[in-house]
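Okay, work_39.txt now, which holds compact mmCIF, C-alpha atoms:
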```txt
# COMPACT_ATOMS: atom_id res chain seq x y z
CA MET R 766 0.00 0.00 0.00
CA ASN R 767 1.32 3.47 -0.88
CA ASN R 768 1.22 5.67 2.23
CA THR R 769 2.94 8.65 0.64
CA ARG R 770 1.14 11.88 1.50
CA GLU R 771 0.85 14.72 -1.02
CA VAL R 772 1.28 18.44 -0.34
CA GLU R 773 2.20 21.48 -2.37
CA ALA R 774 5.27 22.37 -0.28
CA VAL R 775 7.45 20.80 2.41
CA VAL R 776 9.48 22.97 4.80
CA VAL R 777 12.44 21.14 6.32
CA GLY R 778 13.57 22.76 9.57
CA ALA R 779 11.76 24.95 12.10
CA GLY R 780 14.40 27.46 13.11
CA GLN R 781 14.21 31.13 12.14
CA ALA R 782 14.30 30.39 8.40
CA GLY R 783 11.77 27.57 8.50
CA LEU R 784 9.25 29.41 10.67
CA SER R 785 9.55 32.53 8.54
CA SER R 786 8.85 30.45 5.43
CA ALA R 787 5.89 28.70 7.08
CA TYR R 788 4.47 32.06 8.18
CA HIS R 789 4.57 33.41 4.63
CA LEU R 790 3.03 30.22 3.22
CA ARG R 791 0.20 30.54 5.76
CA ARG R 792 -0.24 34.23 5.08
CA THR R 793 -0.61 33.68 1.34
CA GLY R 794 -3.40 31.14 1.79
CA TYR R 795 -1.68 27.80 2.13
CA GLU R 796 -3.12 25.63 4.90
CA PRO R 797 -0.80 23.67 7.24
CA GLU R 798 -1.14 19.87 6.90
CA ARG R 799 -3.34 20.28 3.81
CA ASP R 800 -1.16 22.37 1.47
CA PHE R 801 2.18 22.33 3.27
CA VAL R 802 3.94 20.65 6.15
CA VAL R 803 6.81 21.70 8.42
CA LEU R 804 9.19 18.92 9.49
CA ASP R 805 11.69 19.47 12.30
CA HIS R 806 14.16 16.97 13.75
CA SER R 807 14.63 18.80 17.06
CA PRO R 808 12.85 17.61 20.22
CA GLY R 809 11.11 20.95 20.75
CA PRO R 810 10.74 24.51 19.42
CA GLY R 811 13.75 26.81 19.32
CA GLY R 812 15.79 25.69 16.33
CA ALA R 813 19.53 25.56 17.07
CA TRP R 814 19.07 28.08 19.88
CA GLN R 815 17.70 25.39 22.21
CA PHE R 816 21.13 23.70 22.18
CA ARG R 817 23.22 26.77 23.03
CA TRP R 818 25.29 26.83 26.21
CA PRO R 819 23.65 28.25 29.37
CA SER R 820 26.14 31.10 29.76
CA LEU R 821 25.03 32.56 26.42
CA THR R 822 22.39 34.82 27.91
CA TYR R 823 19.90 36.71 25.78
CA GLY R 824 21.76 39.95 26.50
CA LYS R 825 24.90 38.53 24.83
CA VAL R 826 23.12 37.53 21.62
CA HIS R 827 24.12 39.64 18.64
CA GLY R 828 21.57 40.49 15.99
CA MET R 829 18.61 38.34 17.00
CA HIS R 830 15.79 39.62 14.78
CA SER R 831 12.13 39.00 15.52
CA LEU R 832 10.17 36.60 13.35
CA PRO R 833 7.68 38.15 10.90
CA GLY R 834 4.36 39.10 12.41
CA MET R 835 5.39 38.90 16.08
CA GLU R 836 7.97 40.93 17.96
CA LEU R 837 10.16 39.45 20.66
CA THR R 838 9.74 41.96 23.47
CA ASP R 839 10.47 42.31 27.18
CA ALA R 840 12.92 39.39 27.25
CA ASP R 841 15.11 39.26 30.34
CA PRO R 842 18.71 39.80 29.13
CA ALA R 843 20.04 37.72 32.05
CA ARG R 844 18.14 34.56 31.04
CA PRO R 845 19.82 31.92 28.84
CA SER R 846 19.10 32.60 25.18
CA SER R 847 18.18 28.92 24.77
CA GLU R 848 15.19 29.44 27.09
CA VAL R 849 14.12 32.87 25.80
CA ILE R 850 14.15 31.96 22.12
CA ALA R 851 12.70 28.47 22.59
CA GLU R 852 9.71 29.99 24.40
CA TYR R 853 9.35 32.68 21.74
CA PHE R 854 9.41 30.13 18.90
CA ALA R 855 6.91 27.92 20.72
CA THR R 856 4.51 30.86 21.16
CA TYR R 857 5.00 31.79 17.51
CA GLU R 858 4.16 28.28 16.29
CA ARG R 859 0.97 28.26 18.39
CA THR R 860 -0.10 31.78 17.45
CA PHE R 861 0.07 31.12 13.72
CA ASP R 862 -1.01 27.48 13.99
CA LEU R 863 1.99 26.21 12.01
CA ARG R 864 1.58 22.61 13.27
CA VAL R 865 5.25 21.70 13.17
CA ARG R 866 5.83 17.93 13.11
CA ARG R 867 8.66 16.81 15.40
CA PRO R 868 10.85 15.01 15.94
CA VAL R 869 11.00 14.01 12.27
CA GLU R 870 14.30 13.17 10.57
CA VAL R 871 14.43 13.92 6.86
CA ARG R 872 16.61 11.17 5.43
CA ALA R 873 16.61 11.98 1.72
CA VAL R 874 14.97 14.12 -0.94
CA ARG R 875 14.88 12.56 -4.38
CA GLU R 876 13.03 12.72 -7.68
CA GLY R 877 9.49 11.43 -7.33
CA SER R 878 6.78 10.84 -9.91
CA ASP R 879 4.82 13.29 -12.07
CA GLY R 880 7.40 16.03 -11.63
CA ARG R 881 7.18 15.91 -7.84
CA LEU R 882 9.86 15.54 -5.20
CA LEU R 883 9.82 12.60 -2.79
CA VAL R 884 10.78 13.48 0.80
CA GLU R 885 11.73 10.37 2.78
CA THR R 886 11.50 10.78 6.56
CA SER R 887 11.45 8.85 9.82
CA ASP R 888 7.69 9.50 9.87
CA GLY R 889 6.87 8.28 6.37
CA ASP R 890 7.18 9.86 2.93
CA TRP R 891 5.84 13.08 1.44
CA SER R 892 5.31 13.91 -2.21
CA THR R 893 5.65 17.62 -2.89
CA ARG R 894 5.79 20.11 -5.73
CA ALA R 895 8.26 22.36 -3.91
CA LEU R 896 10.73 22.14 -1.06
CA ILE R 897 12.01 24.83 1.30
CA ASN R 898 15.21 23.61 2.92
CA ALA R 899 15.84 25.48 6.17
CA THR R 900 18.16 23.07 7.98
CA GLY R 901 20.86 25.56 8.95
CA THR R 902 24.30 24.41 10.08
CA TRP R 903 24.16 23.38 13.75
CA ASP R 904 24.05 19.66 12.92
CA ARG R 905 27.31 19.81 10.97
CA PRO R 906 30.07 21.14 13.23
CA PHE R 907 33.35 21.45 11.36
CA TRP R 908 36.28 19.60 12.93
CA PRO R 909 39.63 20.34 11.26
CA ARG R 910 42.14 17.49 11.11
CA TYR R 911 45.75 17.90 12.24
CA PRO R 912 48.62 15.41 12.50
CA GLY R 913 48.68 13.65 15.85
CA GLN R 914 45.11 14.55 16.74
CA GLU R 915 44.24 10.98 17.71
CA THR R 916 47.16 10.86 20.17
CA PHE R 917 45.95 13.72 22.39
CA ARG R 918 45.31 12.44 25.91
CA GLY R 919 43.16 15.39 26.95
CA ARG R 920 39.64 16.32 25.92
CA GLN R 921 38.60 17.71 22.53
CA LEU R 922 35.22 19.32 21.99
CA HIS R 923 33.49 21.64 19.55
CA THR R 924 31.49 24.80 20.12
CA ALA R 925 28.38 22.66 19.56
CA GLN R 926 29.28 20.79 22.76
CA TYR R 927 30.42 23.80 24.80
CA PRO R 928 29.08 23.34 28.37
CA GLY R 929 29.92 26.77 29.79
CA PRO R 930 33.08 28.19 31.39
CA GLU R 931 32.88 26.48 34.78
CA ALA R 932 33.63 23.11 33.16
CA PHE R 933 37.19 24.31 32.41
CA ALA R 934 38.14 25.33 35.96
CA GLY R 935 41.82 24.73 36.66
CA GLN R 936 42.52 23.39 33.17
CA ARG R 937 44.89 24.49 30.42
CA VAL R 938 42.68 25.28 27.45
CA ILE R 939 43.53 25.91 23.79
CA VAL R 940 40.75 27.64 21.84
CA VAL R 941 40.96 27.27 18.07
CA GLY R 942 39.08 29.77 15.89
CA GLY R 943 38.91 33.48 15.24
CA GLY R 944 35.17 34.05 15.02
CA ALA R 945 32.64 35.39 17.48
CA SER R 946 32.25 32.03 19.28
CA GLY R 947 36.00 31.63 19.77
CA THR R 948 36.43 35.05 21.34
CA GLN R 949 33.32 34.62 23.52
CA HIS R 950 34.58 31.26 24.77
CA LEU R 951 38.01 32.69 25.58
CA LEU R 952 36.66 35.65 27.50
CA GLU R 953 34.35 33.38 29.51
CA ILE R 954 36.86 30.62 30.18
CA ALA R 955 39.89 32.74 31.12
CA PRO R 956 38.75 33.60 34.70
CA PHE R 957 38.25 29.88 35.46
CA ALA R 958 41.06 28.17 33.55
CA ALA R 959 44.64 27.67 34.70
CA ALA R 960 45.79 29.01 31.30
CA THR R 961 44.33 29.78 27.88
CA THR R 962 45.93 29.90 24.44
CA TRP R 963 44.22 31.31 21.38
CA VAL R 964 45.20 30.04 17.93
CA THR R 965 43.74 30.98 14.55
CA ARG R 966 44.61 30.34 10.91
CA ARG R 967 44.54 34.04 10.09
CA PRO R 968 45.11 37.11 12.27
CA PRO R 969 41.81 38.43 13.65
CA VAL R 970 40.23 41.37 11.87
CA TYR R 971 38.60 43.83 14.25
CA ARG R 972 35.92 46.23 13.07
CA GLU R 973 35.88 49.74 14.48
CA GLY R 974 32.73 51.83 14.54
CA PRO R 975 29.07 50.97 14.09
CA PHE R 976 27.81 48.17 11.88
CA THR R 977 25.97 50.29 9.30
CA GLU R 978 23.32 49.04 6.90
CA GLU R 979 25.62 49.84 3.98
CA TYR R 980 28.46 47.80 5.53
CA GLY R 981 26.08 44.91 6.14
CA ARG R 982 24.84 44.94 2.54
CA ALA R 983 28.41 44.86 1.26
CA ALA R 984 29.24 41.88 3.48
CA VAL R 985 26.13 39.97 2.39
CA ALA R 986 26.98 40.68 -1.26
CA LEU R 987 30.34 38.93 -0.84
CA VAL R 988 28.67 35.83 0.59
CA LYS R 989 25.99 35.93 -2.11
CA GLU R 990 28.61 35.95 -4.84
CA ARG R 991 30.11 32.73 -3.48
CA VAL R 992 26.81 30.84 -3.63
CA ARG R 993 26.16 32.24 -7.11
CA GLN R 994 29.39 30.59 -8.17
CA GLY R 995 28.45 27.28 -6.54
CA LEU R 996 31.06 27.59 -3.79
CA PRO R 997 30.36 26.58 -0.17
CA PRO R 998 29.04 29.66 1.64
CA LYS R 999 31.06 31.49 4.24
CA SER R 1000 29.34 33.04 7.21
CA VAL R 1001 28.47 36.74 7.06
CA VAL R 1002 30.56 37.17 10.23
CA SER R 1003 33.65 35.91 8.40
CA VAL R 1004 33.55 38.93 6.12
CA THR R 1005 32.37 41.54 8.63
CA GLY R 1006 35.16 41.01 11.16
CA LEU R 1007 34.89 41.13 14.96
CA PRO R 1008 33.30 44.19 16.55
CA LEU R 1009 35.84 46.01 18.71
CA ASN R 1010 33.59 46.44 21.75
CA ASP R 1011 34.51 47.00 25.39
CA ALA R 1012 34.76 43.28 26.18
CA ILE R 1013 37.11 42.66 23.24
CA ARG R 1014 39.26 45.68 24.17
CA GLN R 1015 39.54 44.41 27.74
CA GLY R 1016 40.43 40.93 26.52
CA ILE R 1017 43.23 42.34 24.39
CA ALA R 1018 44.50 44.50 27.26
CA ASP R 1019 44.46 41.52 29.66
CA GLY R 1020 46.38 39.34 27.22
CA VAL R 1021 43.52 36.85 26.87
CA LEU R 1022 43.02 37.71 23.19
CA ASP R 1023 46.69 37.22 22.33
CA ARG R 1024 46.41 35.38 19.07
CA GLN R 1025 48.97 32.74 18.10
CA PRO R 1026 49.36 31.29 14.60
CA MET R 1027 47.89 27.86 13.92
CA PHE R 1028 49.92 24.99 15.36
CA ASP R 1029 51.39 22.38 13.02
CA ARG R 1030 50.59 19.22 14.97
CA ILE R 1031 48.95 17.86 18.09
CA THR R 1032 50.94 15.91 20.64
CA PRO R 1033 49.74 13.63 23.45
CA ASP R 1034 49.97 16.50 25.94
CA GLY R 1035 49.37 19.62 23.85
CA VAL R 1036 50.17 21.26 20.53
CA ALA R 1037 53.43 22.05 18.74
CA TRP R 1038 54.77 24.34 16.04
CA ASN R 1039 57.54 23.51 13.58
CA ASP R 1040 59.73 26.24 15.07
CA GLY R 1041 60.06 24.17 18.26
CA ARG R 1042 57.40 25.81 20.41
CA HIS R 1043 55.04 23.63 22.43
CA VAL R 1044 52.03 24.43 24.63
CA ASP R 1045 50.74 21.93 27.18
CA ALA R 1046 46.98 21.51 27.27
CA ASP R 1047 44.22 19.57 29.00
CA VAL R 1048 41.53 20.66 26.55
CA ILE R 1049 41.34 21.69 22.88
CA LEU R 1050 38.14 23.59 22.13
CA TRP R 1051 37.43 23.79 18.40
CA ALA R 1052 35.47 27.01 17.72
CA THR R 1053 35.83 26.33 14.02
CA GLY R 1054 32.32 26.88 12.77
CA PHE R 1055 29.78 24.78 10.95
CA ARG R 1056 28.88 23.63 7.46
CA ALA R 1057 25.48 23.61 5.77
CA ALA R 1058 23.39 20.55 6.75
CA ILE R 1059 22.32 19.52 3.25
CA ASP R 1060 23.40 15.88 2.92
CA HIS R 1061 19.76 14.77 2.59
CA LEU R 1062 19.61 16.69 -0.73
CA ALA R 1063 22.43 14.59 -2.22
CA PRO R 1064 20.14 12.38 -4.39
CA LEU R 1065 19.11 15.50 -6.35
CA ARG R 1066 22.76 16.16 -7.34
CA LEU R 1067 22.55 19.90 -6.72
CA ARG R 1068 26.18 20.43 -5.73
CA GLU R 1069 28.49 22.19 -8.15
CA PRO R 1070 32.13 21.15 -8.75
CA GLY R 1071 33.13 23.87 -6.25
CA GLY R 1072 31.35 21.97 -3.47
CA GLY R 1073 28.36 24.26 -2.88
CA ILE R 1074 24.86 24.58 -4.31
CA ARG R 1075 24.51 27.39 -6.83
CA VAL R 1076 21.66 29.61 -5.70
CA GLU R 1077 19.94 32.62 -7.25
CA GLY R 1078 18.03 34.40 -4.52
CA THR R 1079 16.89 31.33 -2.60
CA ARG R 1080 16.24 29.09 -5.61
CA SER R 1081 18.57 26.28 -6.56
CA VAL R 1082 19.75 26.92 -10.10
CA ALA R 1083 19.91 23.19 -10.81
CA ASP R 1084 16.34 22.53 -9.60
CA PRO R 1085 13.88 25.44 -9.28
CA ARG R 1086 11.60 23.34 -7.09
CA VAL R 1087 14.18 23.53 -4.30
CA HIS R 1088 14.75 26.67 -2.23
CA LEU R 1089 17.50 27.07 0.35
CA VAL R 1090 16.57 29.51 3.10
CA GLY R 1091 19.08 30.34 5.81
CA TYR R 1092 21.87 29.30 3.43
CA GLY R 1093 24.77 31.61 2.67
CA PRO R 1094 23.64 35.24 2.53
CA SER R 1095 20.33 34.47 4.28
CA ALA R 1096 22.01 32.78 7.26
CA SER R 1097 21.47 35.80 9.54
CA THR R 1098 18.17 36.09 11.40
CA ILE R 1099 16.98 39.12 9.43
CA GLY R 1100 18.24 37.51 6.22
CA ALA R 1101 16.26 34.36 6.98
CA ASN R 1102 13.05 36.39 7.36
CA ARG R 1103 13.51 38.08 4.01
CA ALA R 1104 14.54 34.84 2.32
CA GLY R 1105 11.47 33.04 3.63
CA ARG R 1106 9.23 35.65 2.03
CA ALA R 1107 11.19 35.54 -1.25
CA ALA R 1108 11.09 31.73 -1.39
CA VAL R 1109 7.32 31.63 -0.91
CA ARG R 1110 6.83 34.26 -3.60
CA ASP R 1111 8.86 32.17 -6.07
CA ILE R 1112 7.10 28.95 -5.09
CA ARG R 1113 3.66 30.50 -5.60
CA ARG R 1114 4.76 31.60 -9.07
CA LEU R 1115 6.14 28.13 -9.85
CA LEU R 1116 2.99 26.34 -8.70
CA ALA R 1117 0.75 28.76 -10.59
CA GLU R 1118 2.72 28.13 -13.78
CA LYS R 1119 2.48 24.37 -13.30
CA ALA R 1120 -1.27 24.57 -12.65
CA ALA R 1121 -1.76 26.68 -15.79
CA HIS R 1122 0.30 24.24 -17.84
CA THR R 1123 -1.68 21.25 -16.52
CA GLU R 1124 -5.00 22.97 -17.23
CA GLU R 1125 -3.89 23.86 -20.75
CA ALA R 1126 -2.78 20.29 -21.41
CA ALA R 1127 -6.10 18.92 -20.14
CA HIS R 1128 -8.05 21.40 -22.26
CA THR R 1129 -6.08 20.39 -25.35
CA GLU R 1130 -6.86 16.72 -24.76
CA GLU R 1131 -10.56 17.48 -24.48
CA GLU R 1132 -10.75 19.34 -27.78
CA PRO R 1133 -12.22 17.19 -30.59
CA ALA R 1134 -9.90 16.33 -33.45
CA VAL R 1135 -10.51 18.42 -36.58
CA ALA R 1136 -11.44 16.28 -39.62
```

Can you give me the file's structure in the form of structure tokens?
Amino acid sequence: MNNTREVEAVVVGAGQAGLSSAYHLRRTGYEPERDFVVLDHSPGPGGAWQFRWPSLTYGKVHGMHSLPGMELTDADPARPSSEVIAEYFATYERTFDLRVRRPVEVRAVREGSDGRLLVETSDGDWSTRALINATGTWDRPFWPRYPGQETFRGRQLHTAQYPGPEAFAGQRVIVVGGGASGTQHLLEIAPFAAATTWVTRRPPVYREGPFTEEYGRAAVALVKERVRQGLPPKSVVSVTGLPLNDAIRQGIADGVLDRQPMFDRITPDGVAWNDGRHVDADVILWATGFRAAIDHLAPLRLREPGGGIRVEGTRSVADPRVHLVGYGPSASTIGANRAGRAAVRDIRRLLAEKAAHTEEAAHTEEEPAVA
């Protein structure tokens, strides 16, 4: 028996990008469960935010933008962001009756029948005319590989597993990575740790002055160009640099943010450089970012030779039925909102064209043959 369910659109992921997309589908007349479905693999609302470390309070969050149609107001800046945003997302889902299905693991998206896509999940299969992929990056932490890594007798963990600064009390900690997470970890850990060492592949780039709209547009344009070329996207933060705020200035003055070049190998008790230097360590914390979680799209063969998916706006160039929201230039929270709206606009146009084509074909078949 074929238990495949049919809808017009499937949204994969219920973080900022997925909820924004679902909101715009709902607003334009699509009915949840009848016309579209939202599938999320997380145990509850909150997207990746629900997994963030407790010491990341809401007041420390940079650039959290409200979802469309409902402002996030009066949040206590001292509360963990994981709690604040999870509650906000849960309220949002209820308010707009988005009926998110969870936990549902999307295993593969492949070509279906009659021009549809087949979405294979842990909760059965869905046949859809369009797909909005909003899976983000949290599920694909990037772990660089260095000689000797398997010999290290201490602990190695990634930002995705960061438990908070108290867990490093009395330990010698090496933090790898020059982004916002790396610097936040260092500044938090330093008062607890016996010693900290900061290593990055490139010297940090600090940004003076306010983050203007013009500067933000220029940064997004650089990321957008990469995905246009089919290259793996870089984060917007990687091209904006680190804001030189009071905390960063103090960290530099205290010697906590004293960047060292990337080590050449890992030893059983630390890391070493080819010039003979060695630093002993109990912990290596890899604040080395994430990659797009898009392996389930592999059957569609969307990747370009450069390793990324070529995207125009949010639409995959290789398959216009597939939209990637929260990918590349739309990875920021405000970018995800805009991208959700743009994806739904394109999908409505695509479905309207298909409906018109089907109606025209049916009408042609009904016309009597001319003798």

Å distance separating CA of Ser847 in chain R from CA of Ile897 in chain R, one decimal place: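 The value is 24.6 Å.
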
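Nearest residue to Phe816 in chain R, choosing from R:Tyr788, R:Trp908, R:Phe917, R:Tyr927 and counting all atoms listed in the file: R:Tyr927.
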
Report as CSV: every residue of range 892-1002 of chain R with an atom at most 7 Å from range 1022-1035 of chain R, its closest pair of atoms, and their distance in Å to one decimal, counting only C-alpha atoms, with rows sorted by chain and ascending residue number.
```
residue,atom,partner,partner_atom,distance
R:Tyr911,CA,R:Arg1030,CA,5.7
R:Pro912,CA,R:Arg1030,CA,4.9
R:Gly913,CA,R:Ile1031,CA,4.8
R:Gln914,CA,R:Ile1031,CA,5.2
R:Thr916,CA,R:Pro1033,CA,5.0
R:Phe917,CA,R:Pro1033,CA,3.9
R:Arg918,CA,R:Pro1033,CA,5.2
R:Gly919,CA,R:Asp1034,CA,7.0
R:Trp963,CA,R:Arg1024,CA,5.2
R:Val964,CA,R:Gln1025,CA,4.6
R:Thr965,CA,R:Met1027,CA,5.2
R:Arg966,CA,R:Met1027,CA,5.1
```

CA of Thr962 in chain R to CA of Trp1038 in chain R, distance in Å rounded to a single decimal: 13.4 Å

Residue with smallest distance to Gln936 in chain R - pool R:Thr961, R:Gln949, R:Thr856, R:Gln921, counting all atoms listed in the file: R:Thr961

Draw an axis-aligned box over all listed atoms of range 1107-1119 of chain R, pad each side with 8 Å, and write its centre and edge lengths in Å, one decimal, as AutoDock Vina command-line options.
```
--center_x 6.0 --center_y 30.0 --center_z -7.3 --size_x 26.4 --size_y 27.2 --size_z 28.9
```

Residue with smallest distance to Gly1020 in chain R - pool R:Pro810, R:Ala955, R:Ala1117, R:Arg1103, counting only C-alpha atoms: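 Closest to Gly1020 in chain R, using only C-alpha atoms: R:Ala955.
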
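If only C-alpha atoms are the atoms counted, then among R:Val776, R:Leu952, R:Leu1065, R:Leu922 the closest residue to Ile1013 in chain R is R:Leu952.
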
Nearest residue to Glu798 in chain R from the set R:Val865, R:Met835, R:Leu1009, R:Val777 (distances using all atoms listed in the file): R:Val865
